[in-house]
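Structure data follow from start.cif (mmCIF, C-alpha atoms):
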data_structure
loop_
_atom_site.label_atom_id
_atom_site.label_comp_id
_atom_site.auth_asym_id
_atom_site.auth_seq_id
_atom_site.Cartn_x
_atom_site.Cartn_y
_atom_site.Cartn_z
CA MET A 239 -24.41 25.68 -35.55
CA MET A 240 -27.63 25.36 -33.57
CA ALA A 241 -28.86 28.78 -34.64
CA SER A 242 -28.16 27.92 -38.25
CA GLY A 243 -30.17 24.72 -37.96
CA ASN A 244 -33.12 26.54 -36.43
CA ARG A 245 -33.42 29.03 -39.26
CA GLY A 246 -34.83 26.47 -41.70
CA PRO A 247 -38.03 25.55 -39.82
CA TYR A 248 -38.51 29.16 -38.74
CA ALA A 249 -38.20 30.43 -42.30
CA LYS A 250 -40.65 27.77 -43.49
CA THR A 251 -43.16 28.72 -40.79
CA ALA A 252 -42.85 32.42 -41.66
CA ALA A 253 -43.35 31.62 -45.35
CA VAL A 254 -46.49 29.61 -44.63
CA ARG A 255 -47.92 32.36 -42.42
CA ARG A 256 -47.19 34.92 -45.12
CA ARG A 257 -48.91 32.75 -47.75
CA VAL A 258 -51.95 32.39 -45.51
CA LEU A 259 -52.17 36.16 -44.95
CA GLU A 260 -51.88 36.80 -48.68
CA ALA A 261 -54.77 34.38 -49.20
CA CYS A 262 -56.74 36.29 -46.56
CA VAL A 263 -56.23 39.55 -48.43
CA ASP A 264 -58.07 38.03 -51.39
CA ALA A 265 -60.74 36.26 -49.31
CA PHE A 266 -61.59 39.18 -47.04
CA GLY A 267 -61.42 41.60 -49.96
CA GLU A 268 -63.95 39.56 -51.90
CA THR A 269 -66.45 38.54 -49.23
CA GLY A 270 -65.56 40.53 -46.11
CA PHE A 271 -64.56 39.14 -42.75
CA TYR A 272 -67.91 37.47 -42.07
CA GLY A 273 -68.29 35.96 -45.54
CA ALA A 274 -64.89 34.26 -45.66
CA THR A 275 -64.48 30.80 -44.13
CA MET A 276 -61.43 29.18 -42.60
CA LYS A 277 -61.72 26.24 -45.00
CA ASP A 278 -61.77 28.54 -48.02
CA ILE A 279 -58.73 30.44 -46.75
CA ALA A 280 -56.85 27.18 -46.16
CA LYS A 281 -57.66 26.07 -49.70
CA ARG A 282 -56.49 29.38 -51.17
CA ALA A 283 -53.24 29.11 -49.19
CA GLY A 284 -52.66 25.51 -50.29
CA ILE A 285 -52.61 24.03 -46.80
CA SER A 286 -54.94 21.82 -44.77
CA HIS A 287 -57.60 23.20 -42.49
CA THR A 288 -55.73 21.66 -39.54
CA GLY A 289 -52.51 23.31 -40.71
CA LEU A 290 -54.24 26.68 -40.86
CA LEU A 291 -55.56 26.29 -37.31
CA HIS A 292 -52.02 25.49 -36.15
CA HIS A 293 -50.85 28.94 -37.28
CA PHE A 294 -54.08 30.90 -36.73
CA PRO A 295 -56.51 29.27 -34.27
CA ARG A 296 -59.26 31.86 -34.85
CA LYS A 297 -60.48 33.87 -37.81
CA GLU A 298 -59.96 36.98 -35.70
CA ASP A 299 -56.24 36.11 -35.54
CA LEU A 300 -56.18 36.02 -39.33
CA LEU A 301 -57.82 39.42 -39.63
CA LEU A 302 -55.40 41.03 -37.18
CA GLY A 303 -52.49 39.43 -39.04
CA VAL A 304 -53.71 40.84 -42.35
CA LEU A 305 -54.16 44.32 -40.90
CA GLU A 306 -50.64 44.16 -39.44
CA LEU A 307 -49.32 43.10 -42.87
CA ARG A 308 -51.09 46.08 -44.48
CA ASP A 309 -49.63 48.44 -41.88
CA GLU A 310 -46.13 47.01 -42.34
CA ARG A 311 -46.28 47.61 -46.09
CA GLY A 312 -47.63 51.11 -45.63
CA THR A 313 -45.04 52.03 -43.01
CA GLU A 314 -42.19 50.71 -45.16
CA PHE A 315 -43.37 52.86 -48.07
CA LEU A 316 -43.85 55.94 -45.88
CA GLU A 317 -40.39 55.57 -44.36
CA ALA A 318 -38.83 55.17 -47.81
CA ALA A 319 -40.62 58.34 -48.94
CA LYS A 320 -39.47 60.12 -45.73
CA VAL A 321 -43.09 61.08 -45.07
CA LEU A 322 -42.82 60.09 -41.41
CA ASP A 323 -39.95 62.52 -40.73
CA PRO A 324 -41.28 65.15 -38.25
CA ALA A 325 -38.94 67.73 -39.79
CA ALA A 326 -40.25 67.15 -43.30
CA ASP A 327 -41.62 70.09 -45.26
CA PRO A 328 -45.47 69.86 -45.16
CA ILE A 329 -45.67 70.14 -48.95
CA GLU A 330 -43.23 67.24 -49.26
CA THR A 331 -45.35 65.31 -46.76
CA LEU A 332 -48.48 65.77 -48.88
CA LYS A 333 -46.51 64.85 -51.98
CA GLY A 334 -45.33 61.70 -50.23
CA MET A 335 -48.89 60.79 -49.25
CA ILE A 336 -49.96 61.11 -52.87
CA ALA A 337 -47.18 58.65 -53.74
CA VAL A 338 -48.53 56.25 -51.11
CA ILE A 339 -52.01 56.49 -52.65
CA VAL A 340 -50.57 55.73 -56.08
CA ASP A 341 -48.78 52.71 -54.59
CA ASN A 342 -52.10 51.50 -53.17
CA GLU A 343 -53.48 51.25 -56.70
CA LEU A 344 -50.75 48.70 -57.42
CA GLN A 345 -52.17 46.54 -54.63
CA PRO A 346 -55.90 46.37 -55.42
CA GLY A 347 -56.38 43.35 -53.14
CA LEU A 348 -55.34 45.36 -50.10
CA MET A 349 -57.50 48.28 -51.22
CA GLU A 350 -60.51 45.99 -51.56
CA LEU A 351 -59.75 44.56 -48.13
CA HIS A 352 -59.70 48.05 -46.62
CA CYS A 353 -62.93 49.16 -48.27
CA VAL A 354 -64.84 46.00 -47.32
CA VAL A 355 -63.55 45.41 -43.81
CA SER A 356 -63.53 49.08 -42.73
CA GLY A 357 -67.21 49.25 -43.71
CA GLU A 358 -68.00 46.16 -41.65
CA ALA A 359 -65.91 47.43 -38.75
CA THR A 360 -68.22 50.36 -38.04
CA SER A 361 -70.08 47.90 -35.82
CA PRO A 362 -68.65 48.06 -32.26
CA ASP A 363 -68.79 44.24 -32.11
CA HIS A 364 -66.52 43.76 -35.13
CA PRO A 365 -63.01 42.47 -34.27
CA ALA A 366 -61.40 45.28 -36.28
CA HIS A 367 -63.53 48.10 -34.80
CA ALA A 368 -60.87 49.31 -32.36
CA TYR A 369 -58.16 48.99 -35.02
CA TYR A 370 -59.97 51.27 -37.48
CA ALA A 371 -61.05 53.72 -34.78
CA ASP A 372 -57.39 54.15 -33.82
CA ARG A 373 -56.28 54.22 -37.44
CA TYR A 374 -58.64 57.04 -38.41
CA ARG A 375 -57.80 58.95 -35.24
CA ASN A 376 -54.08 58.75 -36.03
CA LEU A 377 -54.63 59.70 -39.68
CA ARG A 378 -56.67 62.75 -38.69
CA ARG A 379 -53.91 63.81 -36.32
CA PHE A 380 -51.25 63.27 -39.00
CA TYR A 381 -53.06 65.38 -41.60
CA ALA A 382 -54.09 68.00 -39.04
CA ASP A 383 -50.45 68.43 -37.98
CA THR A 384 -49.42 68.78 -41.63
CA PHE A 385 -52.10 71.37 -42.37
CA THR A 386 -51.32 73.22 -39.13
CA ALA A 387 -47.70 73.52 -40.27
CA LEU A 388 -48.93 74.95 -43.57
CA ALA A 389 -51.26 77.39 -41.80
CA ALA A 390 -48.38 78.62 -39.64
CA ARG A 391 -46.62 79.89 -42.72
CA ASP A 392 -49.82 81.28 -44.31
CA GLY A 393 -49.94 78.44 -46.77
CA LEU A 394 -53.53 77.36 -46.09
CA ARG A 395 -56.88 78.93 -46.83
CA PRO A 396 -57.84 80.56 -43.49
CA ALA A 397 -61.53 79.66 -43.75
CA ILE A 398 -60.80 75.94 -43.15
CA GLU A 399 -59.56 74.64 -39.81
CA PRO A 400 -56.72 72.08 -40.12
CA GLU A 401 -58.70 69.48 -38.15
CA THR A 402 -61.72 69.85 -40.43
CA LEU A 403 -59.51 69.70 -43.49
CA ALA A 404 -57.88 66.53 -42.17
CA THR A 405 -61.29 64.84 -41.88
CA MET A 406 -62.27 66.02 -45.36
CA THR A 407 -59.01 64.67 -46.82
CA ILE A 408 -59.51 61.18 -45.38
CA ALA A 409 -63.14 61.11 -46.54
CA LEU A 410 -62.06 62.14 -50.04
CA ILE A 411 -59.36 59.47 -50.24
CA ASN A 412 -61.66 56.70 -49.00
CA GLY A 413 -64.46 57.72 -51.34
CA LEU A 414 -62.19 57.94 -54.37
CA GLN A 415 -60.61 54.56 -53.67
CA ALA A 416 -64.04 52.94 -53.36
CA GLN A 417 -65.14 54.49 -56.67
CA TRP A 418 -61.88 53.40 -58.31
CA LEU A 419 -62.61 49.77 -57.41
CA PHE A 420 -65.85 50.07 -59.38
CA ASP A 421 -64.44 51.97 -62.36
CA ARG A 422 -60.66 51.84 -62.64
CA ASP A 423 -60.58 53.42 -66.08
CA SER A 424 -62.58 56.56 -65.33
CA VAL A 425 -61.79 57.41 -61.70
CA LYS A 426 -58.43 59.17 -61.36
CA VAL A 427 -57.62 59.03 -57.66
CA GLU A 428 -54.21 60.67 -57.83
CA SER A 429 -55.24 63.66 -59.93
CA ALA A 430 -58.42 64.27 -57.88
CA ILE A 431 -56.49 64.37 -54.61
CA ARG A 432 -53.81 66.59 -56.12
CA GLU A 433 -56.48 69.04 -57.33
CA PHE A 434 -58.02 69.06 -53.85
CA PHE A 435 -54.71 69.95 -52.22
CA LEU A 436 -54.09 72.68 -54.79
CA SER A 437 -57.53 74.15 -54.06
CA VAL A 438 -56.84 74.55 -50.33
CA ILE A 439 -53.21 75.69 -50.59
CA PRO A 440 -53.38 79.04 -52.39
CA GLY A 441 -50.52 79.97 -54.64
CA LEU A 442 -48.97 76.51 -54.63
CA PRO A 443 -47.41 75.78 -58.04
CA ARG A 444 -48.96 72.73 -59.68
CA ALA A 445 -45.51 71.24 -60.17
CA ALA A 446 -44.92 71.22 -56.40
CA LEU A 447 -47.12 68.15 -55.98
CA SER A 448 -45.91 66.29 -59.05
#
Step by step, read the file and then write its structure as structure tokens.
Amino acid sequence: MMASGNRGPYAKTAAVRRRVLEACVDAFGETGFYGATMKDIAKRAGISHTGLLHHFPRKEDLLLGVLELRDERGTEFLEAAKVLDPAADPIETLKGMIAVIVDNELQPGLMELHCVVSGEATSPDHPAHAYYADRYRNLRRFYADTFTALAARDGLRPAIEPETLATMTIALINGLQAQWLFDRDSVKVESAIREFFLSVIPGLPRAALS
């Protein structure tokens, strides 16, 4: 009975924290980490400034919470698409990553957050600097492993090293997403990335990435 009684307050606290983080997605996406204020975030979340400080004493805590939320959503999608399976076919892995990118377009607030905060975080003093350094390092390794698997079965253009191709892929995705935020009607992120993969994987049928 005690456990049952404790679930109510816990669930309420979790719901408030989630609402605050959702408000942060909008605030940080619009003005960046430095431009957003704790009072504005509290107002967006519909709670008092004191209530916000109870859950998140520092703005840095809010930022880390938002980045964790973004990672949780991304991981859930990747697991559902079986992209994280080490035994997955590399073509299926790339296809799954395209699906993730398409899903990102359905969450423009998180995409704006990424574009704004990752740009700010290039400064070593930014609270998210280490997070993004690790994130890009892990992404490069992920894509490099995928392209290495393709190269092992002669499925990759030999003139491009997998590590270089991994860096190029991440740069392309980031650049396309930033352009899409400016012009959502003209910039076709999914098709541009698909064409890029087709250009570096000779003989791959177009339907294989659809």
Checklist line | A:Gly267, A:Ile339, A:Leu305, A:Ala253 ranked by distance to A:Tyr370, top pick (using only C-alpha atoms) | finding: A:Leu305
Next item on the list: Grab the atom CA of A:Val427 to atom CA of A:Asn412 distance for me, in Å with one decimal place.
Entry: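 For atom CA of A:Val427 relative to atom CA of A:Asn412, the distance reads 9.8 Å.
If you count all atoms listed in the file and ignore residues fewer than 4 places along the chain from A:Pro396, what sits within 10 Å of it is Ala389, Asp392, Pro400, Val438 and Ile439 of chain A.
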Note to self: Show me the residues close to (-58.3, 43.3, -43.8) - anything with an atom within 6 Å, counting all atoms listed in the file - and format the list as a list in words.
What the structure shows: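 Residues close enough to count: Leu301, Val304, Leu305, Leu351, His352 and Val355 of chain A.
The spacing separating atom CA of A:Leu290 from atom CA of A:Leu348 amounts to 20.9 Å.
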Next item on the list: Could you give me, as a list of chain:residue names, the residues that sit within 12 Å of (-63.4, 26.4, -46.3) in the file's coordinates, counting only C-alpha atoms?
Entry: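 The answer, in the requested form, is A:Cys262, A:Ala265, A:Gly273, A:Ala274, A:Thr275, A:Met276, A:Lys277, A:Asp278, A:Ile279, A:Ala280, A:Lys281, A:Arg282, A:Ala283, A:Gly284, A:Ile285, A:Ser286, A:His287, A:Thr288, A:Leu290, A:Leu291, A:Lys297.
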Check: Closest to A:Glu343 among A:Leu419, A:Leu300, A:Leu307, A:Ile408, using all atoms listed in the file?
Finding: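 Using all atoms listed in the file, the shortest distance to A:Glu343 belongs to A:Leu419.
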Checklist line | Selection near A:Ala446, 10 Å with only C-alpha atoms, sequence-local residues under 2 positions removed, as a PyMOL selection string | finding: chain A and resi 329-330+332-333+436+442-444+448
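Put simply, atom CA of A:Phe434 is 26.5 Å away from atom CA of A:Thr360.
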Do you know which residues the PyMOL selection byres ((chain A and resi 365) around 12) returns on this file, as a short mmCIF file (atom, residue, chain, number, x, y, z; two decimals) with C-alpha atoms, in the frame of the given file?
data_model
loop_
_atom_site.label_atom_id
_atom_site.label_comp_id
_atom_site.auth_asym_id
_atom_site.auth_seq_id
_atom_site.Cartn_x
_atom_site.Cartn_y
_atom_site.Cartn_z
CA PHE A 271 -64.56 39.14 -42.75
CA TYR A 272 -67.91 37.47 -42.07
CA ARG A 296 -59.26 31.86 -34.85
CA LYS A 297 -60.48 33.87 -37.81
CA GLU A 298 -59.96 36.98 -35.70
CA ASP A 299 -56.24 36.11 -35.54
CA LEU A 300 -56.18 36.02 -39.33
CA LEU A 301 -57.82 39.42 -39.63
CA LEU A 302 -55.40 41.03 -37.18
CA GLY A 303 -52.49 39.43 -39.04
CA LEU A 305 -54.16 44.32 -40.90
CA VAL A 355 -63.55 45.41 -43.81
CA SER A 356 -63.53 49.08 -42.73
CA GLU A 358 -68.00 46.16 -41.65
CA ALA A 359 -65.91 47.43 -38.75
CA THR A 360 -68.22 50.36 -38.04
CA SER A 361 -70.08 47.90 -35.82
CA PRO A 362 -68.65 48.06 -32.26
CA ASP A 363 -68.79 44.24 -32.11
CA HIS A 364 -66.52 43.76 -35.13
CA ALA A 366 -61.40 45.28 -36.28
CA HIS A 367 -63.53 48.10 -34.80
CA ALA A 368 -60.87 49.31 -32.36
CA TYR A 369 -58.16 48.99 -35.02
CA TYR A 370 -59.97 51.27 -37.48
CA ALA A 371 -61.05 53.72 -34.78
#
Checklist line | Explicit residues for the PyMOL selection byres ((chain A and resi 386) around 12) (as a PyMOL selection string) | finding: chain A and resi 327-329+378-385+387-396+398-404+439
Next item on the list: Rank A:Arg256, A:Leu344, A:Asp309, A:Glu350 by their smallest atom-to-atom distance to A:Glu268, using all atoms listed in the file, and report the top residue only.
Entry: A:Glu350
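Residues matching the PyMOL selection byres ((chain A and resi 340) around 12) in this structure come to Gly312, Phe315, Lys333, Gly334, Met335, Ile336, Ala337, Val338, Ile339, Asp341, Asn342, Glu343, Leu344, Gln345, Pro346, Met349, Ile411, Leu414, Gln415, Trp418, Lys426, Val427, Glu428, Ser429, Ala430, Ile431, Arg432 and Ser448 of chain A.
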At the level of N, CA and C atoms, write stretch 274-293 of chain A to a file as a PDB file, in the first residue's frame, please.
ATOM      1  N   ALA A 274      18.259  32.483 -22.980  1.00  0.00           N
ATOM      2  CA  ALA A 274      17.088  32.088 -22.192  1.00  0.00           C
ATOM      3  C   ALA A 274      17.299  32.424 -20.715  1.00  0.00           C
ATOM      4  N   THR A 275      16.216  32.781 -20.038  1.00  0.00           N
ATOM      5  CA  THR A 275      16.294  33.074 -18.610  1.00  0.00           C
ATOM      6  C   THR A 275      15.456  32.070 -17.829  1.00  0.00           C
ATOM      7  N   MET A 276      15.813  31.871 -16.587  1.00  0.00           N
ATOM      8  CA  MET A 276      15.078  30.946 -15.733  1.00  0.00           C
ATOM      9  C   MET A 276      13.633  31.410 -15.551  1.00  0.00           C
ATOM     10  N   LYS A 277      13.430  32.699 -15.430  1.00  0.00           N
ATOM     11  CA  LYS A 277      12.067  33.224 -15.244  1.00  0.00           C
ATOM     12  C   LYS A 277      11.208  32.958 -16.475  1.00  0.00           C
ATOM     13  N   ASP A 278      11.805  33.123 -17.654  1.00  0.00           N
ATOM     14  CA  ASP A 278      11.054  32.867 -18.886  1.00  0.00           C
ATOM     15  C   ASP A 278      10.699  31.397 -18.996  1.00  0.00           C
ATOM     16  N   ILE A 279      11.633  30.532 -18.655  1.00  0.00           N
ATOM     17  CA  ILE A 279      11.379  29.088 -18.727  1.00  0.00           C
ATOM     18  C   ILE A 279      10.279  28.696 -17.752  1.00  0.00           C
ATOM     19  N   ALA A 280      10.310  29.260 -16.546  1.00  0.00           N
ATOM     20  CA  ALA A 280       9.269  28.968 -15.555  1.00  0.00           C
ATOM     21  C   ALA A 280       7.903  29.397 -16.075  1.00  0.00           C
ATOM     22  N   LYS A 281       7.860  30.561 -16.706  1.00  0.00           N
ATOM     23  CA  LYS A 281       6.593  31.062 -17.255  1.00  0.00           C
ATOM     24  C   LYS A 281       6.084  30.151 -18.360  1.00  0.00           C
ATOM     25  N   ARG A 282       6.967  29.714 -19.241  1.00  0.00           N
ATOM     26  CA  ARG A 282       6.575  28.812 -20.327  1.00  0.00           C
ATOM     27  C   ARG A 282       6.045  27.485 -19.778  1.00  0.00           C
ATOM     28  N   ALA A 283       6.643  27.038 -18.665  1.00  0.00           N
ATOM     29  CA  ALA A 283       6.249  25.753 -18.082  1.00  0.00           C
ATOM     30  C   ALA A 283       5.018  25.869 -17.197  1.00  0.00           C
ATOM     31  N   GLY A 284       4.599  27.103 -16.902  1.00  0.00           N
ATOM     32  CA  GLY A 284       3.410  27.302 -16.076  1.00  0.00           C
ATOM     33  C   GLY A 284       3.640  27.049 -14.599  1.00  0.00           C
ATOM     34  N   ILE A 285       4.876  27.280 -14.132  1.00  0.00           N
ATOM     35  CA  ILE A 285       5.157  27.132 -12.710  1.00  0.00           C
ATOM     36  C   ILE A 285       5.875  28.385 -12.215  1.00  0.00           C
ATOM     37  N   SER A 286       6.020  28.512 -10.899  1.00  0.00           N
ATOM     38  CA  SER A 286       6.696  29.673 -10.332  1.00  0.00           C
ATOM     39  C   SER A 286       8.204  29.540 -10.494  1.00  0.00           C
ATOM     40  N   HIS A 287       8.878  30.671 -10.387  1.00  0.00           N
ATOM     41  CA  HIS A 287      10.329  30.660 -10.461  1.00  0.00           C
ATOM     42  C   HIS A 287      10.911  29.809  -9.332  1.00  0.00           C
ATOM     43  N   THR A 288      10.313  29.928  -8.136  1.00  0.00           N
ATOM     44  CA  THR A 288      10.755  29.133  -6.990  1.00  0.00           C
ATOM     45  C   THR A 288      10.546  27.644  -7.249  1.00  0.00           C
ATOM     46  N   GLY A 289       9.404  27.310  -7.862  1.00  0.00           N
ATOM     47  CA  GLY A 289       9.124  25.914  -8.191  1.00  0.00           C
ATOM     48  C   GLY A 289      10.126  25.353  -9.180  1.00  0.00           C
ATOM     49  N   LEU A 290      10.529  26.180 -10.142  1.00  0.00           N
ATOM     50  CA  LEU A 290      11.527  25.741 -11.120  1.00  0.00           C
ATOM     51  C   LEU A 290      12.852  25.446 -10.432  1.00  0.00           C
ATOM     52  N   LEU A 291      13.256  26.341  -9.517  1.00  0.00           N
ATOM     53  CA  LEU A 291      14.532  26.163  -8.823  1.00  0.00           C
ATOM     54  C   LEU A 291      14.515  24.928  -7.928  1.00  0.00           C
ATOM     55  N   HIS A 292      13.332  24.528  -7.487  1.00  0.00           N
ATOM     56  CA  HIS A 292      13.218  23.315  -6.674  1.00  0.00           C
ATOM     57  C   HIS A 292      13.620  22.077  -7.494  1.00  0.00           C
ATOM     58  N   HIS A 293      13.214  22.067  -8.758  1.00  0.00           N
ATOM     59  CA  HIS A 293      13.508  20.925  -9.623  1.00  0.00           C
ATOM     60  C   HIS A 293      14.866  21.052 -10.304  1.00  0.00           C
TER      61      HIS A 293
END
